[in-house]
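One structure below.
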There are 4 protein chains.
Amino acid sequence: MLVLLKPGTPEPLANDVMTRLRMAGLAVHRTDHDGRARIAAVGDGSALDWAQVATWPGVESTQKLTRPFKLASRAFRPHDTVIQVGRCAIGGNQLAIMAGPCSVEGEAQAFTIAEAVAKAGATILRGGAYKPRTSPYAFQGLGEEGLKILRRAADAHGLAVVSEVMDSQQVPLLARYADILQIGARNMQNYTLLREVGHVRKPVMIKRGLSERIDEWLLAAEYILAHGNSNVFLCERGIRTFETYTRNTLDLNAVPVVKELSHLPVIVDPSHGTGIRDKVAPMARAAIAAGADGLMIEVHHDPDHALSDGVQSLYPKQFDELVGQIRTIAQVLGRTV
Amino acid sequence: MLVLLKPGTPEPLANDVMTRLRMAGLAVHRTDHDGRARIAAVGDGSALDWAQVATWPGVESTQKLTRPFKLASRAFRPHDTVIQVGRCAIGGNQLAIMAGPCSVEGEAQAFTIAEAVAKAGATILRGGAYKPRTSPYAFQGLGEEGLKILRRAADAHGLAVVSEVMDSQQVPLLARYADILQIGARNMQNYTLLREVGHVRKPVMIKRGLSERIDEWLLAAEYILAHGNSNVFLCERGIRTFETYTRNTLDLNAVPVVKELSHLPVIVDPSHGTGIRDKVAPMARAAIAAGADGLMIEVHHDPDHALSDGVQSLYPKQFDELVGQIRTIAQVLGRTV
Amino acid sequence: MLVLLKPGTPEPLANDVMTRLRMAGLAVHRTDHDGRARIAAVGDGSALDWAQVATWPGVESTQKLTRPFKLASRAFRPHDTVIQVGRCAIGGNQLAIMAGPCSVEGEAQAFTIAEAVAKAGATILRGGAYKPRTSPYAFQGLGEEGLKILRRAADAHGLAVVSEVMDSQQVPLLARYADILQIGARNMQNYTLLREVGHVRKPVMIKRGLSERIDEWLLAAEYILAHGNSNVFLCERGIRTFETYTRNTLDLNAVPVVKELSHLPVIVDPSHGTGIRDKVAPMARAAIAAGADGLMIEVHHDPDHALSDGVQSLYPKQFDELVGQIRTIAQVLGRTV
Amino acid sequence: MLVLLKPGTPEPLANDVMTRLRMAGLAVHRTDHDGRARIAAVGDGSALDWAQVATWPGVESTQKLTRPFKLASRAFRPHDTVIQVGRCAIGGNQLAIMAGPCSVEGEAQAFTIAEAVAKAGATILRGGAYKPRTSPYAFQGLGEEGLKILRRAADAHGLAVVSEVMDSQQVPLLARYADILQIGARNMQNYTLLREVGHVRKPVMIKRGLSERIDEWLLAAEYILAHGNSNVFLCERGIRTFETYTRNTLDLNAVPVVKELSHLPVIVDPSHGTGIRDKVAPMARAAIAAGADGLMIEVHHDPDHALSDGVQSLYPKQFDELVGQIRTIAQVLGRTV
């Protein structure tokens, strides 16, 4: 249920309302909008007489939160969530440009690419240290050593760091080095992991699962929100369909749909969404034109020798050109890079 | 096989080459590019010694056309096909904007909408007179009467007409009234129909089937090209996936993929690709940013009372605003509306 | 709406009810069940006062037919439809075994295979004379000559004939030679063709479209039923999914679902449903165990030289063994071969 | 690479071969078949001259393991893997029947159901104590208390226990109570978890992911095999497609495909594969007819009040009837229940 307080309700009164809801066994989350507090009370509310709750001091009205995802819904929070990460604000007026190699492969590689993407206009460095690979015999990432390199390369160029956390036990380690914890597509419904990142303060980016519907994706975000971490944003990276020419089918429809259903920022990863280098730029432009809050793009200075995903990585020069195009399209939507 | 002639080969010599190929039982198609003739010889060429063909007078070289779609491939025709329709050239520098109602419902409706879309910048009027409906009990279209109305409404506002042909027997009738024959998604693999529209001179737009891969879509175009009609273009309108929030999943990846594989123009229908009115404009912008050659958009002045597809139809005012946004994004790609 | 007449209502009274419904502009279809007539009145029934209809002489009650497919629903006709074809009754206690080559290739081929499948226990000979091929350059079938051969081969061995009709204009031709008209998967939503086969008396088998939901498949059947042909049955032949190891994903779930929703018989084609010879027998067994009313199986005596679908055709000996296994599984379900 | 030893190679010689391969940095796995040892050497074998390896004492020949899944392939191990669990052998002649509630809800529920399924012929009790739920607000399972109840209920009726492990940290806990560790569909690509269960000796059942291809499923098994646990079997439980009438599309094609590609047992879960109670029995029969090694079926004595998946749970009486039908179909395939 959503409990709307009257404008100007004094804090002690607002706290009373929240306490009474908690005493009824409900979890309570608050957001402020248009000068009034909005309280989501989630859990089994059957013990409460909601008509009566509407008459509590300070309460203006109550309404049902009909979507299964409560805290992620626009009904709870009508205005866009903006997440501050380093010098970038994800979901704000400025687009969030994340770029970097698929995997961290070494000091020289990471620094070279970090320098290139920073110059081109990226504000966040991506790079995997723990890699979810379909085959147990494929390169599995450099581990903590990779995280250290990634951190140093990012710091050297004023970038924030996003990197994937693959398991609930890894959360503290990742949180030590990364500014944003990435939940990969294959872990979108790893609920133990979702709960764990709900307990940290670091922003979390959830990639959409290969065959997950948009409502299930928002419910994955809801796990994190419900466990206390409100710094969550989404990343569309393509879904699995019958089409085989591209690695995945990038579902850009999801961008305006998420914007309608939720206040959470949504960015797009056209590298995994296409899997083909020369399709990345057209789909990156399309993502921004569709209203995405940012991009995550794989860039490698020597993709032919990359240890993973070389065929879908842009050359630094291509990335630089792309950011230029994005800058212009962003203006059409009243945004900046 | 592709037979490349030397630059400046005299026509009689070129004709000789084509005759000899035909005499070997092959179908012969020609395109000219960069001052030299390119001849596609399709069929069972096992009787010919291709090493010898390469020594024929006028022949520069031969090469295998490896894609299953021969005439639709860039290997056969490296430069973009541009199709002249009325005052619009589909596939050229100017984007093709097609708009109008899902179904023609009557004189007043058609004229009202034609006027609105023409004013906003459309050059082609869409409207169904024969409707493929999932249920036999749903409105099946006005038939020939609808075509007549559509033609008059288009003529009154200087627009060309695109309308769907549902069956091989209907081709002559549709060709009488429409400037472009539309093959609907459900008929994309109706090979009898594809052959039939291959025998007329009117441009043909093939919508992608709900579950057809891009190579199968290009093979559908190949049917038409192989039967003699080279004025073919494609329309991405969404594929069927597990996602249910949107009517279909608009596969914009297909736009740059078709551009790589084929010389045929490709436009996008975000109305069917989303099925939700307020998702049409974001995805129309995205389509153009991805490199589409045009748009097909459902517009209705009174969508609440439309006999079909009202929920995905734009109001004329929304369409007008959209064309304005498209105009700016088009500039980023060096194109015009 | 469904109008149930009282048991023992005299025919003139029943006819009166139907006439009054027709006069209200409704299409009227009748089935008899448990000694009482059941009348489906389809169309725009808003002009009638249905509470009043329930008081008409002879009428016991009225109820809404809630499914979009009215005549195909169990609500209209609670008991199974059984279709008599030659010495086989599709949908009855005996399973319908259809077998034969993908394409008719010649007299010797057709007779050899017809003899083999008849000996093994098939009662219906399959074979394509008009082939829907993805590529315009692939073998397109022998046409009418193929139909003649097929007919003769079937007659020589006491078999009925099923063959595909690809276009509305072909219906009379196919009806001349075949006992069952097959609507192929790619034509499942070719509504002009569906209407046309609704006007003939021959049984029609509708294959499920590659990406058609079960309700859409039943609506395709509804087109035929609504146009007057009640001898319709369904064939599950695999749907298109992300899995690429098999040609299609055979959706056997559809068998018990169709049995619940509809009274129409449903058979299964494991040849197209798997696309791999040694997967055909396991899935044929599975289909019968799931409750299918029969099988359609590709058999070829020399599959390595078949002009189409050789890799999924059984050798006659394999088919013979399969029929033996089917015979035993059928007993578990109280059926015979 | 696969290194085949000569029949009768003495163990010390065999050990020498394995040691030399390990010294080259390869991981070594051995299986014995037809009186000769087969050694899979996986990893980067480029340092070895394989032509020379073929001349090592005791070595008969070497061959490439071409599939990405090496240890899971039939090329490595030609004969079926049989896994002993309690009084049941999964993959052997006797079918493995696993049944029980979706979630353990309490002592009475678990004992009631355990008794019923044991009487009907099940040998393994299923029941979730940790539940992966799409919504954070849904019942998440009883946790360790649930495992204790499940164990007691199983022991009381001579059943083995299978239960889901959701996270790498939970492995020791689950291994304490369960005889088989279940990897759920949503965790099929949780590689940290797969590695962890590779280090225990308990049998592991991997459910197929909702959108995972068969090769990816076998690669998930490969993770476990490569980390040392060879007691792995697979469970097909339906994939996600566009069809919405059923909860999932049960891909029974996967059964004969897995049997061809791999030596690992494969069972089928028709409860999740259909999501509809009265479709479970037909699809369970079909699974066995297709060659599955067993079934996993949800049974509940009071499904209307089940805390999860009630609509797809069989009543004990239905389960009992089903086992009877399975018994007869099993005979057709030369197997027993």
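Labels for the structure tokens follow display order: chains A, B, ..., residues from 1 in each chain, ligands from 1.
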- Task: Starting from chain A, keep only residues with some atom at most 10 Å from an atom of chain D, counting only C-alpha atoms, and report them as JSON, numbers by chain.
- Result: {"A": [42, 43, 44, 68, 69, 70, 131, 132, 133, 134, 135, 136, 137, 138, 166, 167, 168, 169, 170, 185, 186, 187, 188, 189, 190, 191, 192, 193, 194, 195, 209, 210, 211, 212, 215, 216, 217, 218, 219, 220, 221, 222, 223, 224, 225, 226, 227, 239, 240, 241, 242]}
- Using only C-alpha atoms, determine which residues lie at most 7 Å from Arg237 of chain A, disregarding the query and same-chain residues fewer than 4 positions distant; provide the list as a ChimeraX atom specification. /A:207-208,250,268-270,272-273
Kindly export the residues of the current selection with N, CA and C atoms, as a PDB file, in the first residue's frame.
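For reference, out.pdb as written:
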```
ATOM      1  N   LYS A 207      21.842  -6.050 -15.212  1.00  0.00           N
ATOM      2  CA  LYS A 207      21.612  -6.362 -16.621  1.00  0.00           C
ATOM      3  C   LYS A 207      20.381  -7.256 -16.747  1.00  0.00           C
ATOM      4  N   ARG A 208      19.656  -7.067 -17.826  1.00  0.00           N
ATOM      5  CA  ARG A 208      18.463  -7.874 -18.060  1.00  0.00           C
ATOM      6  C   ARG A 208      18.864  -9.294 -18.448  1.00  0.00           C
ATOM      7  N   LEU A 250      18.639  -6.807 -29.448  1.00  0.00           N
ATOM      8  CA  LEU A 250      18.579  -5.669 -28.530  1.00  0.00           C
ATOM      9  C   LEU A 250      17.137  -5.156 -28.473  1.00  0.00           C
ATOM     10  N   VAL A 268      21.879   1.222 -21.948  1.00  0.00           N
ATOM     11  CA  VAL A 268      21.857   0.185 -22.978  1.00  0.00           C
ATOM     12  C   VAL A 268      23.286  -0.251 -23.314  1.00  0.00           C
ATOM     13  N   ASP A 269      23.457  -1.540 -23.503  1.00  0.00           N
ATOM     14  CA  ASP A 269      24.749  -2.124 -23.886  1.00  0.00           C
ATOM     15  C   ASP A 269      24.634  -2.680 -25.300  1.00  0.00           C
ATOM     16  N   PRO A 270      24.958  -1.866 -26.317  1.00  0.00           N
ATOM     17  CA  PRO A 270      24.818  -2.349 -27.694  1.00  0.00           C
ATOM     18  C   PRO A 270      25.926  -3.314 -28.096  1.00  0.00           C
ATOM     19  N   HIS A 272      26.940  -6.142 -26.343  1.00  0.00           N
ATOM     20  CA  HIS A 272      26.337  -7.463 -26.218  1.00  0.00           C
ATOM     21  C   HIS A 272      25.018  -7.537 -26.992  1.00  0.00           C
ATOM     22  N   GLY A 273      24.369  -6.415 -27.144  1.00  0.00           N
ATOM     23  CA  GLY A 273      23.062  -6.390 -27.809  1.00  0.00           C
ATOM     24  C   GLY A 273      23.137  -6.713 -29.291  1.00  0.00           C
TER      25      GLY A 273
END
```
When you look at segment 116-118 of chain A with a cut-off of 8 Å (counting only C-alpha atoms), what residues show up, excluding the ones that are within fewer than 5 positions of it in the same chain? I need them as a short mmCIF file (atom, residue, chain, number, x, y, z; two decimals) with all heavy atoms, in the first residue's frame.
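around12.cif was written with the following content:
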```
data_model
loop_
_atom_site.label_atom_id
_atom_site.label_comp_id
_atom_site.auth_asym_id
_atom_site.auth_seq_id
_atom_site.Cartn_x
_atom_site.Cartn_y
_atom_site.Cartn_z
N ALA A 99 32.56 2.79 -20.66
CA ALA A 99 33.30 2.12 -21.73
C ALA A 99 34.54 1.48 -21.15
O ALA A 99 35.01 1.84 -20.07
CB ALA A 99 33.66 3.12 -22.83
N GLY A 100 35.05 0.53 -21.92
CA GLY A 100 36.26 -0.16 -21.49
C GLY A 100 36.28 -1.56 -22.06
O GLY A 100 35.41 -1.94 -22.83
N THR A 123 32.80 8.58 -18.67
CA THR A 123 33.05 8.96 -17.28
C THR A 123 33.18 7.74 -16.38
O THR A 123 33.56 7.86 -15.22
CB THR A 123 31.91 9.85 -16.73
OG1 THR A 123 30.67 9.18 -16.98
CG2 THR A 123 31.89 11.21 -17.41
N LEU A 125 34.61 3.62 -16.24
CA LEU A 125 35.40 2.58 -16.89
C LEU A 125 34.81 1.22 -16.58
O LEU A 125 34.60 0.87 -15.42
CB LEU A 125 36.85 2.65 -16.39
CG LEU A 125 37.84 1.63 -16.99
CD1 LEU A 125 38.05 1.88 -18.49
CD2 LEU A 125 39.19 1.69 -16.25
N HIS A 157 42.71 8.39 -14.70
CA HIS A 157 42.03 9.18 -15.72
C HIS A 157 40.70 9.75 -15.24
O HIS A 157 39.85 10.12 -16.04
CB HIS A 157 41.85 8.34 -16.98
CG HIS A 157 43.14 7.94 -17.58
ND1 HIS A 157 43.95 8.80 -18.30
CD2 HIS A 157 43.86 6.78 -17.51
CE1 HIS A 157 45.05 8.19 -18.66
NE2 HIS A 157 45.03 6.96 -18.19
N GLY A 158 40.54 9.81 -13.92
CA GLY A 158 39.36 10.45 -13.36
C GLY A 158 38.06 9.73 -13.68
O GLY A 158 36.99 10.36 -13.80
N LEU A 159 38.11 8.43 -13.82
CA LEU A 159 36.91 7.66 -14.14
C LEU A 159 36.40 6.90 -12.92
O LEU A 159 37.17 6.55 -12.02
CB LEU A 159 37.24 6.64 -15.25
CG LEU A 159 37.74 7.21 -16.58
CD1 LEU A 159 38.33 6.10 -17.45
CD2 LEU A 159 36.59 7.90 -17.32
N VAL A 299 35.29 -1.35 -25.53
CA VAL A 299 36.31 -0.70 -26.36
C VAL A 299 37.63 -1.43 -26.11
O VAL A 299 37.94 -1.79 -24.97
CB VAL A 299 36.45 0.79 -25.95
CG1 VAL A 299 37.60 1.45 -26.73
CG2 VAL A 299 35.15 1.54 -26.20
N PRO A 316 39.25 2.50 -30.27
CA PRO A 316 39.11 3.80 -29.60
C PRO A 316 38.64 4.90 -30.55
O PRO A 316 37.79 5.72 -30.18
CB PRO A 316 40.52 4.06 -29.06
CG PRO A 316 41.07 2.69 -28.79
CD PRO A 316 40.52 1.82 -29.88
N PHE A 319 34.99 4.65 -31.12
CA PHE A 319 34.26 5.08 -29.92
C PHE A 319 34.21 6.60 -29.86
O PHE A 319 33.18 7.20 -29.54
CB PHE A 319 34.93 4.50 -28.67
CG PHE A 319 34.30 4.95 -27.39
CD1 PHE A 319 33.00 4.57 -27.06
CD2 PHE A 319 34.98 5.79 -26.52
CE1 PHE A 319 32.41 4.99 -25.89
CE2 PHE A 319 34.38 6.23 -25.33
CZ PHE A 319 33.11 5.82 -25.02
N ASP A 320 35.33 7.22 -30.19
CA ASP A 320 35.41 8.67 -30.18
C ASP A 320 34.39 9.28 -31.15
O ASP A 320 33.66 10.21 -30.82
CB ASP A 320 36.83 9.08 -30.55
CG ASP A 320 37.06 10.55 -30.39
OD1 ASP A 320 37.03 11.04 -29.23
OD2 ASP A 320 37.24 11.24 -31.42
#
```
- Message: DSSP on the backbone, strand (DSSP E or B) only: what residues of segment 90-323 of chain C does that give? Format it as a VMD selection string.
- Response: chain C and resid 90 94 96 to 100 103 124 to 126 128 160 to 164 180 to 183 204 to 207 232 to 236 239 249 262 266 to 268 294 to 299 314
Expected file: the selected residues, C-alpha atoms, as a PDB file, in the first residue's frame:
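So part-v3.pdb came out as:
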```pdb
ATOM      1  CA  ILE C  90      -9.176 -39.194 -37.771  1.00  0.00           C
ATOM      2  CA  GLN C  94      -7.798 -45.716 -34.220  1.00  0.00           C
ATOM      3  CA  ALA C  96      -4.234 -41.901 -38.047  1.00  0.00           C
ATOM      4  CA  ILE C  97      -0.834 -42.769 -39.484  1.00  0.00           C
ATOM      5  CA  MET C  98       0.191 -40.584 -42.424  1.00  0.00           C
ATOM      6  CA  ALA C  99       3.505 -41.251 -44.058  1.00  0.00           C
ATOM      7  CA  GLY C 100       5.332 -40.717 -47.292  1.00  0.00           C
ATOM      8  CA  SER C 103       8.121 -34.279 -52.129  1.00  0.00           C
ATOM      9  CA  ILE C 124      -2.757 -42.078 -45.532  1.00  0.00           C
ATOM     10  CA  LEU C 125      -0.011 -41.209 -48.025  1.00  0.00           C
ATOM     11  CA  ARG C 126       1.654 -37.831 -47.713  1.00  0.00           C
ATOM     12  CA  GLY C 128       4.164 -32.598 -51.681  1.00  0.00           C
ATOM     13  CA  ALA C 160      -5.857 -41.894 -48.804  1.00  0.00           C
ATOM     14  CA  VAL C 161      -3.877 -38.834 -49.956  1.00  0.00           C
ATOM     15  CA  VAL C 162      -2.874 -35.687 -48.082  1.00  0.00           C
ATOM     16  CA  SER C 163      -1.054 -32.905 -49.954  1.00  0.00           C
ATOM     17  CA  GLU C 164      -0.383 -29.237 -49.454  1.00  0.00           C
ATOM     18  CA  ILE C 180      -7.101 -34.143 -47.320  1.00  0.00           C
ATOM     19  CA  LEU C 181      -5.986 -30.586 -48.089  1.00  0.00           C
ATOM     20  CA  GLN C 182      -2.962 -29.575 -46.085  1.00  0.00           C
ATOM     21  CA  ILE C 183      -2.463 -25.954 -45.031  1.00  0.00           C
ATOM     22  CA  VAL C 204      -8.467 -29.885 -44.110  1.00  0.00           C
ATOM     23  CA  MET C 205      -5.364 -30.327 -41.974  1.00  0.00           C
ATOM     24  CA  ILE C 206      -3.888 -27.073 -40.596  1.00  0.00           C
ATOM     25  CA  LYS C 207      -0.286 -27.142 -39.561  1.00  0.00           C
ATOM     26  CA  VAL C 232     -10.867 -29.706 -39.854  1.00  0.00           C
ATOM     27  CA  PHE C 233      -7.996 -31.124 -37.870  1.00  0.00           C
ATOM     28  CA  LEU C 234      -4.723 -29.770 -36.561  1.00  0.00           C
ATOM     29  CA  CYS C 235      -1.081 -30.775 -36.923  1.00  0.00           C
ATOM     30  CA  GLU C 236       1.617 -29.726 -34.447  1.00  0.00           C
ATOM     31  CA  ILE C 239       7.624 -24.015 -33.251  1.00  0.00           C
ATOM     32  CA  THR C 249      11.007 -27.267 -31.014  1.00  0.00           C
ATOM     33  CA  SER C 262     -11.223 -27.940 -28.709  1.00  0.00           C
ATOM     34  CA  VAL C 266      -4.759 -33.079 -33.415  1.00  0.00           C
ATOM     35  CA  ILE C 267      -1.901 -35.045 -34.918  1.00  0.00           C
ATOM     36  CA  VAL C 268       1.862 -34.537 -34.683  1.00  0.00           C
ATOM     37  CA  GLY C 294      -2.127 -39.580 -35.166  1.00  0.00           C
ATOM     38  CA  LEU C 295       1.223 -38.936 -36.793  1.00  0.00           C
ATOM     39  CA  MET C 296       2.555 -37.502 -40.021  1.00  0.00           C
ATOM     40  CA  ILE C 297       5.979 -38.883 -40.821  1.00  0.00           C
ATOM     41  CA  GLU C 298       8.372 -38.441 -43.707  1.00  0.00           C
ATOM     42  CA  VAL C 299       9.599 -41.750 -45.106  1.00  0.00           C
ATOM     43  CA  LEU C 314      12.938 -42.396 -41.921  1.00  0.00           C
TER      44      LEU C 314
END
```
- Task: Step one, run DSSP on the backbone; step two, keep only residues of segment 109-170 of chain A assigned to alpha helix (DSSP H); then write them as a list in words.
- Result: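 Alpha helix (DSSP H) members of segment 109-170 of chain A, listed: Gln109, Ala110, Phe111, Thr112, Ile113, Ala114, Glu115, Ala116, Val117, Ala118, Lys119, Ala120, Glu144, Glu145, Gly146, Leu147, Lys148, Ile149, Leu150, Arg151, Arg152, Ala153, Ala154, Asp155 and Ala156 of chain A.
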- Which one of A:Ala153, A:Val28, A:Val104, A:Leu48 sits closest to Gly141 of chain A if you count only C-alpha atoms?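 Among the listed residues, the smallest separation from Gly141 of chain A belongs to A:Val104.
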